[in-house]
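Chemist: input-v7.txt (compact mmCIF, C-alpha atoms and all ligand atoms) pasted underneath:
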```
# COMPACT_ATOMS: atom_id res chain seq x y z
CA MET B 1 0.00 0.00 0.00
CA LEU B 2 2.63 2.44 1.14
CA LYS B 3 4.74 1.53 -1.85
CA GLY B 4 1.67 2.06 -4.09
CA THR B 5 0.94 5.49 -2.58
CA ARG B 6 4.54 6.54 -3.02
CA LEU B 7 4.41 5.45 -6.61
CA LEU B 8 1.20 7.39 -7.13
CA VAL B 9 2.70 10.52 -5.53
CA LEU B 10 5.82 10.12 -7.62
CA MET B 11 3.74 9.74 -10.79
CA LEU B 12 1.66 12.80 -9.90
CA VAL B 13 4.83 14.82 -9.25
CA LEU B 14 6.33 13.65 -12.54
CA CYS B 15 3.11 14.49 -14.38
CA GLY B 16 3.16 17.92 -12.77
CA LEU B 17 6.77 18.49 -13.82
CA VAL B 18 5.99 17.41 -17.37
CA MET B 19 3.01 19.77 -17.47
CA ILE B 20 5.09 22.67 -16.12
CA GLY B 21 7.69 21.81 -18.76
CA VAL B 22 5.04 21.91 -21.48
CA VAL B 23 3.80 25.30 -20.28
CA VAL B 24 7.36 26.67 -20.16
CA LEU B 25 8.10 25.33 -23.62
CA GLN B 26 4.89 26.82 -24.97
CA ASN B 27 5.75 30.18 -23.46
CA ASP B 28 9.21 29.98 -24.94
CA SER B 29 8.02 29.30 -28.43
CA ASP B 30 5.18 31.81 -28.10
CA THR B 31 7.29 34.81 -27.15
CA PRO B 32 9.13 35.49 -30.43
CA GLN B 33 5.94 34.95 -32.41
CA SER B 34 3.87 37.38 -30.40
CA VAL B 35 6.68 39.95 -30.51
CA ARG B 36 6.90 39.48 -34.27
CA ALA B 37 3.14 39.80 -34.63
CA GLN B 38 3.10 43.08 -32.73
CA ASP B 39 5.73 44.87 -34.74
CA ASN B 40 5.26 46.05 -38.28
CA THR B 41 8.68 45.11 -39.57
CA PRO B 42 8.83 42.95 -42.68
CA ILE B 43 9.49 39.28 -42.10
CA PRO B 44 12.74 38.08 -43.73
CA THR B 45 12.10 36.23 -46.93
CA ASP B 46 15.36 34.29 -47.03
CA GLU B 47 16.64 31.58 -44.73
CA THR B 48 19.02 33.01 -42.16
CA PRO B 49 22.59 32.24 -43.28
CA GLU B 50 24.79 30.22 -40.94
CA GLU B 51 27.54 32.79 -40.79
CA PRO B 52 28.00 36.48 -41.62
CA PRO B 53 27.10 38.41 -43.65
CA TYR B 54 23.62 38.31 -42.19
CA PHE B 55 22.48 41.54 -43.87
CA ASP B 56 19.19 40.75 -45.65
CA GLY B 57 18.80 42.59 -48.97
CA GLU B 58 15.23 41.34 -49.42
CA ARG B 59 14.18 42.84 -46.12
CA ALA B 60 16.05 46.06 -46.99
CA LEU B 61 14.07 46.26 -50.23
CA GLU B 62 10.87 45.96 -48.21
CA PHE B 63 12.00 48.87 -46.05
CA ALA B 64 12.55 50.90 -49.25
CA ALA B 65 9.07 49.97 -50.47
CA MET B 66 7.61 51.01 -47.13
CA GLN B 67 9.04 54.53 -47.59
CA VAL B 68 8.08 54.87 -51.26
CA GLU B 69 4.48 53.98 -50.39
CA PHE B 70 4.21 57.31 -48.58
CA GLY B 71 4.76 59.05 -51.94
CA PRO B 72 7.22 61.90 -52.55
CA ARG B 73 8.75 62.92 -49.21
CA PRO B 74 10.05 66.49 -49.48
CA VAL B 75 11.05 68.48 -46.39
CA GLY B 76 8.09 69.75 -44.39
CA SER B 77 5.55 67.42 -46.05
CA GLU B 78 3.01 65.22 -44.29
CA ALA B 79 4.46 62.23 -46.16
CA LEU B 80 7.91 62.91 -44.69
CA THR B 81 6.47 63.21 -41.18
CA GLN B 82 4.75 59.85 -41.65
CA THR B 83 7.94 58.32 -43.04
CA GLY B 84 9.95 59.65 -40.11
CA ASP B 85 7.39 58.27 -37.66
CA ALA B 86 7.55 54.85 -39.37
CA ILE B 87 11.36 54.91 -39.23
CA ILE B 88 11.28 55.74 -35.51
CA GLU B 89 8.79 52.95 -34.85
CA ALA B 90 10.91 50.40 -36.72
CA LEU B 91 14.03 51.45 -34.81
CA GLU B 92 12.37 51.37 -31.40
CA THR B 93 10.80 47.98 -32.13
CA THR B 94 14.28 46.54 -32.58
CA GLY B 95 15.55 47.96 -29.31
CA TRP B 96 17.35 51.12 -30.43
CA GLU B 97 17.21 54.30 -28.37
CA VAL B 98 15.88 57.04 -30.63
CA VAL B 99 16.26 60.80 -30.28
CA THR B 100 15.31 63.50 -32.74
CA GLN B 101 16.93 66.83 -33.49
CA GLU B 102 14.40 69.33 -34.77
CA PHE B 103 14.79 72.86 -36.05
CA PRO B 104 12.87 75.31 -38.23
CA TYR B 105 14.11 76.38 -41.66
CA ASP B 106 12.85 79.55 -43.31
CA ALA B 107 12.56 79.57 -47.08
CA ASN B 108 10.65 81.97 -49.30
CA GLY B 109 8.59 83.45 -46.48
CA GLN B 110 7.56 80.11 -45.04
CA THR B 111 8.87 78.15 -42.04
CA TYR B 112 9.51 74.43 -42.53
CA PRO B 113 10.01 71.93 -39.70
CA VAL B 114 13.18 69.84 -40.15
CA ARG B 115 13.80 66.64 -38.19
CA ASN B 116 16.95 64.52 -37.99
CA ILE B 117 16.46 61.07 -36.48
CA ILE B 118 19.23 59.44 -34.46
CA ALA B 119 19.15 55.84 -33.17
CA LYS B 120 21.79 54.76 -30.66
CA ARG B 121 23.10 51.53 -29.24
CA GLY B 122 26.16 50.80 -27.07
CA THR B 123 28.51 53.10 -25.14
CA GLY B 124 31.82 54.67 -26.09
CA PRO B 125 33.32 55.97 -29.34
CA ILE B 126 30.68 56.35 -32.02
CA THR B 127 30.56 54.74 -35.45
CA MET B 128 27.90 56.65 -37.34
CA LEU B 129 26.01 55.04 -40.23
CA ALA B 130 23.98 57.67 -42.03
CA SER B 131 21.61 58.52 -44.88
CA HIS B 132 19.16 61.24 -45.71
CA TYR B 133 15.48 60.28 -45.78
CA ASP B 134 13.87 63.28 -47.48
CA THR B 135 13.36 63.43 -51.26
CA ARG B 136 14.01 66.28 -53.67
CA MET B 137 11.17 68.75 -54.14
CA ILE B 138 11.44 68.83 -57.92
CA ALA B 139 12.46 66.39 -60.66
CA ASP B 140 14.51 69.01 -62.48
CA ASN B 141 16.65 66.38 -64.26
CA ASP B 142 13.62 64.76 -65.86
CA PRO B 143 14.01 64.45 -69.66
CA ASP B 144 10.39 65.59 -70.03
CA PRO B 145 10.27 69.38 -69.36
CA LEU B 146 6.61 69.06 -68.36
CA LEU B 147 7.57 66.82 -65.44
CA GLN B 148 10.49 68.87 -64.15
CA GLY B 149 8.35 70.64 -61.55
CA ASP B 150 6.96 67.39 -60.16
CA PRO B 151 8.34 65.96 -56.91
CA VAL B 152 10.76 63.02 -56.95
CA LEU B 153 9.53 59.67 -55.61
CA GLY B 154 13.07 58.89 -54.51
CA ALA B 155 13.30 55.10 -54.47
CA ASN B 156 17.08 55.18 -54.80
CA ASP B 157 17.43 58.77 -53.55
CA ALA B 158 16.95 58.24 -50.61
CA ALA B 159 14.68 55.29 -49.69
CA SER B 160 17.45 52.81 -50.62
CA SER B 161 20.01 54.18 -48.20
CA ALA B 162 17.55 54.76 -45.35
CA ALA B 163 16.42 51.17 -45.94
CA VAL B 164 20.00 49.93 -45.51
CA LEU B 165 20.10 51.63 -42.10
CA LEU B 166 16.76 50.09 -41.10
CA GLU B 167 17.97 46.63 -42.09
CA MET B 168 21.21 47.27 -40.17
CA ALA B 169 19.05 48.01 -37.13
CA GLU B 170 17.26 44.67 -37.50
CA MET B 171 20.43 42.75 -38.32
CA VAL B 172 22.30 44.05 -35.27
CA ASN B 173 19.31 43.24 -33.08
CA ASP B 174 18.94 39.73 -34.51
CA HIS B 175 22.56 38.58 -34.68
CA TYR B 176 25.03 40.86 -32.97
CA GLU B 177 26.03 42.69 -29.90
CA ILE B 178 28.01 45.89 -29.98
CA THR B 179 31.34 45.29 -28.27
CA GLU B 180 32.36 47.04 -25.07
CA ASN B 181 33.43 50.63 -25.53
CA ASN B 182 31.73 50.97 -28.88
CA GLN B 183 28.62 52.74 -29.97
CA ILE B 184 26.67 52.73 -33.22
CA TRP B 185 24.49 55.63 -34.29
CA LEU B 186 22.10 55.24 -37.19
CA VAL B 187 21.38 58.75 -38.42
CA PHE B 188 18.60 59.79 -40.81
CA PHE B 189 19.08 63.33 -42.09
CA ASP B 190 16.26 65.58 -43.20
CA ALA B 191 16.55 68.37 -45.81
CA GLU B 192 19.46 67.00 -47.84
CA ASP B 193 18.25 67.30 -51.35
CA ASN B 194 17.13 70.82 -52.32
CA GLY B 195 20.25 72.47 -53.67
CA ARG B 196 19.92 74.79 -56.67
CA ILE B 197 16.33 75.62 -55.66
CA PRO B 198 15.73 79.30 -54.67
CA GLY B 199 15.67 79.72 -50.87
CA TRP B 200 17.12 76.27 -50.32
CA ASP B 201 20.46 74.46 -50.27
CA TRP B 202 21.93 70.95 -50.08
CA ILE B 203 22.65 69.03 -46.85
CA LEU B 204 20.77 71.32 -44.43
CA GLY B 205 19.96 68.60 -41.88
CA SER B 206 23.47 67.19 -41.66
CA ARG B 207 25.00 70.67 -41.56
CA TYR B 208 22.78 71.51 -38.60
CA MET B 209 23.67 68.30 -36.77
CA ALA B 210 27.42 68.64 -37.37
CA THR B 211 27.38 72.19 -35.95
CA HIS B 212 24.99 71.37 -33.07
CA LEU B 213 26.54 68.17 -31.70
CA ASP B 214 26.37 69.72 -28.21
CA GLN B 215 22.57 69.39 -28.37
CA LEU B 216 23.14 65.63 -28.59
CA GLY B 217 25.62 65.66 -25.71
CA VAL B 218 28.68 64.83 -27.83
CA THR B 219 31.71 66.48 -29.44
CA PRO B 220 33.48 65.64 -32.73
CA GLU B 221 36.13 63.75 -30.73
CA ASP B 222 33.48 61.23 -29.66
CA PHE B 223 33.20 59.93 -33.25
CA ASN B 224 35.37 57.18 -34.67
CA LEU B 225 34.03 57.14 -38.20
CA MET B 226 31.04 58.09 -40.30
CA ILE B 227 29.85 55.83 -43.12
CA LEU B 228 27.33 57.53 -45.38
CA PHE B 229 25.02 55.77 -47.85
CA ASP B 230 23.46 57.63 -50.78
CA MET B 231 21.78 56.05 -53.83
CA VAL B 232 22.96 52.56 -52.97
CA GLY B 233 20.31 50.19 -54.36
CA GLU B 234 20.44 50.50 -58.15
CA ALA B 235 19.54 47.24 -59.89
CA ASP B 236 22.02 45.87 -62.46
CA THR B 237 21.08 45.85 -66.14
CA ASP B 238 22.86 45.27 -69.45
CA ARG B 239 22.09 48.77 -70.70
CA GLU B 240 24.64 51.55 -70.95
CA TYR B 241 24.37 55.31 -70.66
CA ILE B 242 26.67 58.33 -70.55
CA GLY B 243 27.49 59.07 -66.91
CA PHE B 244 27.81 62.54 -65.38
CA ASN B 245 31.51 62.70 -66.20
CA MET B 246 30.63 61.88 -69.85
CA GLU B 247 32.02 58.33 -69.78
CA THR B 248 30.00 55.37 -70.95
CA GLN B 249 28.66 53.59 -67.92
CA LYS B 250 26.61 50.47 -67.39
CA VAL B 251 23.23 51.04 -65.77
CA GLY B 252 23.72 49.24 -62.48
CA GLN B 253 25.33 49.45 -59.07
CA GLN B 254 28.82 50.95 -59.11
CA PHE B 255 30.68 52.54 -56.23
CA TYR B 256 33.89 54.42 -56.97
CA TYR B 257 36.04 56.08 -54.32
CA GLU B 258 34.50 59.45 -53.49
CA ASN B 259 37.28 62.04 -53.34
CA ASN B 260 36.38 63.74 -50.03
CA SER B 261 36.28 60.30 -48.43
CA LEU B 262 39.57 59.25 -49.98
CA ASN B 263 41.33 62.42 -48.79
CA ASN B 264 39.85 62.36 -45.31
CA ALA B 265 39.61 58.64 -44.47
CA PRO B 266 41.95 56.88 -46.93
CA GLU B 267 42.62 53.76 -44.87
CA GLN B 268 38.98 53.16 -44.01
CA THR B 269 37.94 53.74 -47.63
CA GLU B 270 40.52 51.29 -48.99
CA THR B 271 39.66 48.68 -46.36
CA LEU B 272 35.95 48.87 -47.22
CA TRP B 273 36.64 48.39 -50.93
CA GLN B 274 39.02 45.50 -50.12
CA ILE B 275 36.27 43.80 -48.16
CA ALA B 276 33.99 44.25 -51.16
CA ALA B 277 36.58 42.54 -53.37
CA GLU B 278 36.92 39.69 -50.86
CA LEU B 279 33.16 39.21 -51.00
CA GLY B 280 33.42 38.99 -54.81
CA TYR B 281 31.92 42.43 -55.52
CA GLU B 282 34.92 43.91 -57.35
CA ASP B 283 32.79 44.71 -60.42
CA HIS B 284 30.59 46.94 -58.28
CA PHE B 285 33.12 48.51 -55.91
CA ILE B 286 35.81 49.98 -58.13
CA PRO B 287 38.85 51.17 -56.15
CA GLN B 288 39.39 54.31 -58.20
CA PRO B 289 38.36 57.91 -57.55
CA ARG B 290 35.63 59.31 -59.79
CA TYR B 291 33.57 62.13 -58.24
CA THR B 292 33.91 64.73 -55.51
CA ILE B 293 30.48 65.05 -53.93
CA THR B 294 28.92 67.60 -51.61
CA ASP B 295 27.04 65.14 -49.46
CA ASP B 296 25.99 64.71 -45.82
CA HIS B 297 29.50 63.59 -44.83
CA LEU B 298 31.06 66.96 -45.67
CA PRO B 299 29.90 68.92 -42.56
CA PHE B 300 31.31 66.13 -40.38
CA ILE B 301 34.62 66.08 -42.25
CA GLN B 302 34.76 69.82 -41.57
CA GLN B 303 34.43 68.98 -37.84
CA GLY B 304 37.42 66.62 -38.12
CA ILE B 305 35.42 63.38 -38.22
CA PRO B 306 36.67 60.77 -40.73
CA ALA B 307 33.91 59.90 -43.18
CA VAL B 308 33.37 57.52 -46.10
CA ASP B 309 30.58 58.05 -48.63
CA PHE B 310 29.11 55.15 -50.56
CA ILE B 311 27.46 57.00 -53.42
CA ASP B 312 26.54 55.49 -56.78
CA PHE B 313 26.41 58.76 -58.61
CA ASP B 314 26.05 57.18 -62.07
CA TYR B 315 22.33 56.75 -61.76
CA PRO B 316 20.43 57.79 -64.89
CA TYR B 317 17.18 58.40 -62.97
CA TRP B 318 18.77 60.83 -60.49
CA HIS B 319 16.30 63.65 -59.74
CA THR B 320 13.78 62.42 -62.30
CA THR B 321 10.23 61.10 -61.94
CA SER B 322 11.62 57.68 -62.95
CA ASP B 323 13.46 57.14 -59.65
CA THR B 324 10.97 54.42 -58.76
CA LEU B 325 11.06 51.15 -56.85
CA ASP B 326 11.56 49.01 -59.98
CA LYS B 327 15.03 50.58 -60.36
CA LEU B 328 16.20 48.91 -57.13
CA SER B 329 17.20 45.34 -56.36
CA ALA B 330 17.61 43.32 -53.19
CA THR B 331 20.93 42.03 -54.55
CA SER B 332 22.39 45.53 -54.80
CA LEU B 333 21.17 46.48 -51.32
CA ASP B 334 22.58 43.23 -50.00
CA ARG B 335 26.05 43.94 -51.40
CA VAL B 336 26.55 47.35 -49.81
CA GLY B 337 24.99 46.28 -46.51
CA SER B 338 27.16 43.17 -46.33
CA VAL B 339 30.37 45.10 -46.99
CA VAL B 340 29.69 47.45 -44.09
CA GLU B 341 28.54 44.61 -41.84
CA ILE B 342 31.83 42.73 -42.40
CA TYR B 343 33.77 45.96 -41.84
CA LEU B 344 32.07 46.48 -38.46
CA LEU B 345 32.82 42.88 -37.58
CA GLN B 346 36.48 43.03 -38.67
CA THR B 347 37.11 46.33 -36.88
CA GLY B 348 35.63 44.91 -33.68
CA VAL B 349 32.58 47.19 -33.40
CA LEU B 350 30.26 44.19 -33.70
CA GLN B 351 30.57 40.64 -32.40
CA VAL B 352 28.26 37.76 -33.14
CA GLU B 353 25.79 37.41 -30.29
CA ALA B 354 26.43 34.39 -28.06
CA GLN B 355 23.50 31.99 -28.47
ZN ZN B 401 19.30 63.63 -54.42
```
Can you dump the structure from the file as structure tokens?

Modeler:
Amino acid sequence: MLKGTRLLVLMLVLCGLVMIGVVVLQNDSDTPQSVRAQDNTPIPTDETPEEPPYFDGERALEFAAMQVEFGPRPVGSEALTQTGDAIIEALETTGWEVVTQEFPYDANGQTYPVRNIIAKRGTGPITMLASHYDTRMIADNDPDPLLQGDPVLGANDAASSAAVLLEMAEMVNDHYEITENNQIWLVFFDAEDNGRIPGWDWILGSRYMATHLDQLGVTPEDFNLMILFDMVGEADTDREYIGFNMETQKVGQQFYYENNSLNNAPEQTETLWQIAAELGYEDHFIPQPRYTITDDHLPFIQQGIPAVDFIDFDYPYWHTTSDTLDKLSATSLDRVGSVVEIYLLQTGVLQVEAQ
């Protein structure tokens, strides 16, 4: 009898343990799903690779589509506010601390709100990855004169580069931790793209940030490096066109050394292009100088911060109404994202998260 009771108690205890185990297991498998269901971030379409690079070009393309769906996104527009809000939501969902830097800009008797978005992770010297997220007010390069006053949809300029940052945010959250004494900032500049328009200029958002770093509690000495992305997602084709320096150029992704970057951060620039070659992208990352560009990195270079600009300036749809989503590819986004991911890994800013 006693033996039987003991056995019964033991069986009941075991059953209880098994049931607790089932509940725990259910909770475990439920958590990621419910978190995933709550956020609005696109679900990766590819299988996760077993080793780096983990950067997901397909998911980056979805982030570009998300921005383009808001329509043209010029400074001060409702569409840009909505885009900025969506960017902030995506960043916060993946555990980044987000701050904004807002200021008014007066042009032609009107005041426009300008908003830079800064996402932070880690502590210590800052590696800044940056892009603008506004689009140009007018398509003044459009071959059709009747369309030159229309706004630009800006799939490549600048949804592609902002999308790379958003995928970086996800990728870091999914696979990496930032090493001790390192910090990553993902910076989305407003008001980049209105040069040669009366009352306006280029790179207004980045110029403001570079000269108001104190508002963000930092000085130029706190920055290790800035990596800027601009027009980074152009799909490859077999067609050719005459590029802006009048040379025949294939329509497709091509990054040459940008001269301000090469002068100011030569080692970092060369290392990044070497990584691209090691990944087999030497046809798309050509280690030769081609253009000198006034871009969002320039105000930071002027503050003494080394900066590298990935800009594919040979883009036939630049500032036209044809800068649409069909001109981008996941493969192109994947290349540039992977190069920077491996750089951050090799320079010890990132380490693969212990499982
Ligand atoms: Zn532009």

Chemist: Fewer than 6 positions away in the same chain doesn't count, so skip those; otherwise give me all residues within 12 Å of segment 104-114 of chain B, counting all atoms listed in the file, as a list in words.

Modeler: Pro74, Val75, Gly76, Ser77, Glu78, Leu80, Thr81, Gly84, His132, Tyr133, Asp134, Phe188, Phe189, Asp190, Ala191, Glu192, Asn194, Ile197, Pro198, Gly199, Trp200, Asp201, Ile203, Leu204, Gly205, Ser206, Arg207, Tyr208 and Met209 of chain B

Chemist: Which polymer residues, protein or nucleic acid, are no farther than 12 Å from (10.5, 67.8, -65.2), counting only C-alpha atoms, as an mmCIF file with C-alpha atoms, in the coordinates of the input?

Modeler:
```cif
data_model
loop_
_atom_site.group_PDB
_atom_site.id
_atom_site.type_symbol
_atom_site.label_atom_id
_atom_site.label_comp_id
_atom_site.auth_asym_id
_atom_site.auth_seq_id
_atom_site.Cartn_x
_atom_site.Cartn_y
_atom_site.Cartn_z
ATOM 1 C CA MET B 137 11.170 68.750 -54.140
ATOM 2 C CA ILE B 138 11.440 68.830 -57.920
ATOM 3 C CA ALA B 139 12.460 66.390 -60.660
ATOM 4 C CA ASP B 140 14.510 69.010 -62.480
ATOM 5 C CA ASN B 141 16.650 66.380 -64.260
ATOM 6 C CA ASP B 142 13.620 64.760 -65.860
ATOM 7 C CA PRO B 143 14.010 64.450 -69.660
ATOM 8 C CA ASP B 144 10.390 65.590 -70.030
ATOM 9 C CA PRO B 145 10.270 69.380 -69.360
ATOM 10 C CA LEU B 146 6.610 69.060 -68.360
ATOM 11 C CA LEU B 147 7.570 66.820 -65.440
ATOM 12 C CA GLN B 148 10.490 68.870 -64.150
ATOM 13 C CA GLY B 149 8.350 70.640 -61.550
ATOM 14 C CA ASP B 150 6.960 67.390 -60.160
ATOM 15 C CA PRO B 151 8.340 65.960 -56.910
ATOM 16 C CA VAL B 152 10.760 63.020 -56.950
ATOM 17 C CA TYR B 317 17.180 58.400 -62.970
ATOM 18 C CA TRP B 318 18.770 60.830 -60.490
ATOM 19 C CA HIS B 319 16.300 63.650 -59.740
ATOM 20 C CA THR B 320 13.780 62.420 -62.300
ATOM 21 C CA THR B 321 10.230 61.100 -61.940
ATOM 22 C CA SER B 322 11.620 57.680 -62.950
#
```

Chemist: Kindly work out which residues sit at most 6 Å from ligand ZN 401 (chain B), using only C-alpha atoms and all ligand atoms, and give the list as a PyMOL selection string.

Modeler: chain B and resi 136+157+193

Chemist: Given the selection you just returned, output its residues as a file containing C-alpha atoms, formatted as an mmCIF file, keeping the file's coordinate frame.

Modeler:
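Saved result, out.cif, follows:
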```
data_model
loop_
_atom_site.group_PDB
_atom_site.id
_atom_site.type_symbol
_atom_site.label_atom_id
_atom_site.label_comp_id
_atom_site.auth_asym_id
_atom_site.auth_seq_id
_atom_site.Cartn_x
_atom_site.Cartn_y
_atom_site.Cartn_z
ATOM 1 C CA ARG B 136 14.010 66.280 -53.670
ATOM 2 C CA ASP B 157 17.430 58.770 -53.550
ATOM 3 C CA ASP B 193 18.250 67.300 -51.350
#
```

Chemist: So how many Å separate atom CA of Ala130 of chain B and atom CA of Glu50 of chain B, to one decimal?

Modeler: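 Going from atom CA of Ala130 of chain B over to atom CA of Glu50 of chain B covers 27.5 Å.
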
Chemist: Please determine, counting all atoms listed in the file, which residue among B:Glu51, B:Glu97, B:Asp323, B:Glu62 has the shortest atom-to-atom distance to Tyr176 of chain B.

Modeler: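 Going through B:Glu51, B:Glu97, B:Asp323, B:Glu62 one by one, the smallest distance to Tyr176 of chain B is for B:Glu51.
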
Chemist: Tell me, as a list in words, which residues lie within 12 Å of Asn263 of chain B, counting all atoms listed in the file; anything in the same chain fewer than 2 positions away does not count.

Modeler: Tyr257, Glu258, Asn259, Asn260, Ser261, Ala265, Pro266, Glu267, Gln268, Thr269, Glu270, Pro289, Thr292, Leu298, Ile301, Pro306, Ala307, Val308 and Asp309 of chain B

Chemist: Have a look at atom CA of Ala119 of chain B and atom CA of Ile227 of chain B and let me know their distance in Å, one decimal.

Modeler: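 Calculated distance between atom CA of Ala119 of chain B and atom CA of Ile227 of chain B is 14.6 Å.
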
Chemist: Kindly output segment 175-193 of chain B as a JSON list (two decimals), in the frame of the given file, after building N, CA and C atoms.

Modeler:
```
[["chain", "number", "residue", "atom", "x", "y", "z"],
["B", 175, "HIS", "N", 21.37, 39.43, -34.62],
["B", 175, "HIS", "CA", 22.56, 38.58, -34.68],
["B", 175, "HIS", "C", 23.77, 39.06, -33.89],
["B", 176, "TYR", "N", 23.79, 40.31, -33.50],
["B", 176, "TYR", "CA", 25.03, 40.86, -32.97],
["B", 176, "TYR", "C", 24.85, 41.52, -31.62],
["B", 177, "GLU", "N", 25.99, 41.69, -30.95],
["B", 177, "GLU", "CA", 26.03, 42.69, -29.90],
["B", 177, "GLU", "C", 27.15, 43.67, -30.23],
["B", 178, "ILE", "N", 26.97, 44.89, -29.79],
["B", 178, "ILE", "CA", 28.01, 45.89, -29.98],
["B", 178, "ILE", "C", 29.03, 45.67, -28.88],
["B", 179, "THR", "N", 30.30, 45.63, -29.24],
["B", 179, "THR", "CA", 31.34, 45.29, -28.27],
["B", 179, "THR", "C", 31.48, 46.41, -27.24],
["B", 180, "GLU", "N", 32.15, 46.06, -26.14],
["B", 180, "GLU", "CA", 32.36, 47.04, -25.07],
["B", 180, "GLU", "C", 33.12, 48.23, -25.61],
["B", 181, "ASN", "N", 32.78, 49.39, -25.10],
["B", 181, "ASN", "CA", 33.43, 50.63, -25.53],
["B", 181, "ASN", "C", 33.25, 50.91, -27.02],
["B", 182, "ASN", "N", 32.10, 50.60, -27.52],
["B", 182, "ASN", "CA", 31.73, 50.97, -28.88],
["B", 182, "ASN", "C", 30.26, 51.35, -28.94],
["B", 183, "GLN", "N", 29.98, 52.27, -29.82],
["B", 183, "GLN", "CA", 28.62, 52.74, -29.97],
["B", 183, "GLN", "C", 28.31, 52.86, -31.45],
["B", 184, "ILE", "N", 27.11, 52.49, -31.84],
["B", 184, "ILE", "CA", 26.67, 52.73, -33.22],
["B", 184, "ILE", "C", 25.52, 53.73, -33.19],
["B", 185, "TRP", "N", 25.61, 54.71, -34.05],
["B", 185, "TRP", "CA", 24.49, 55.63, -34.29],
["B", 185, "TRP", "C", 24.01, 55.41, -35.72],
["B", 186, "LEU", "N", 22.72, 55.25, -35.86],
["B", 186, "LEU", "CA", 22.10, 55.24, -37.19],
["B", 186, "LEU", "C", 21.41, 56.59, -37.34],
["B", 187, "VAL", "N", 21.86, 57.37, -38.31],
["B", 187, "VAL", "CA", 21.38, 58.75, -38.42],
["B", 187, "VAL", "C", 20.65, 58.97, -39.74],
["B", 188, "PHE", "N", 19.45, 59.49, -39.64],
["B", 188, "PHE", "CA", 18.60, 59.79, -40.81],
["B", 188, "PHE", "C", 18.47, 61.30, -40.91],
["B", 189, "PHE", "N", 19.10, 61.87, -41.94],
["B", 189, "PHE", "CA", 19.08, 63.33, -42.09],
["B", 189, "PHE", "C", 17.86, 63.78, -42.88],
["B", 190, "ASP", "N", 17.32, 64.90, -42.46],
["B", 190, "ASP", "CA", 16.26, 65.58, -43.20],
["B", 190, "ASP", "C", 16.93, 66.65, -44.09],
["B", 191, "ALA", "N", 16.17, 67.16, -45.05],
["B", 191, "ALA", "CA", 16.55, 68.37, -45.81],
["B", 191, "ALA", "C", 17.92, 68.28, -46.48],
["B", 192, "GLU", "N", 18.17, 67.16, -47.15],
["B", 192, "GLU", "CA", 19.46, 67.00, -47.84],
["B", 192, "GLU", "C", 19.41, 67.52, -49.27],
["B", 193, "ASP", "N", 18.25, 67.43, -49.90],
["B", 193, "ASP", "CA", 18.25, 67.30, -51.35],
["B", 193, "ASP", "C", 17.65, 68.46, -52.14]]
```
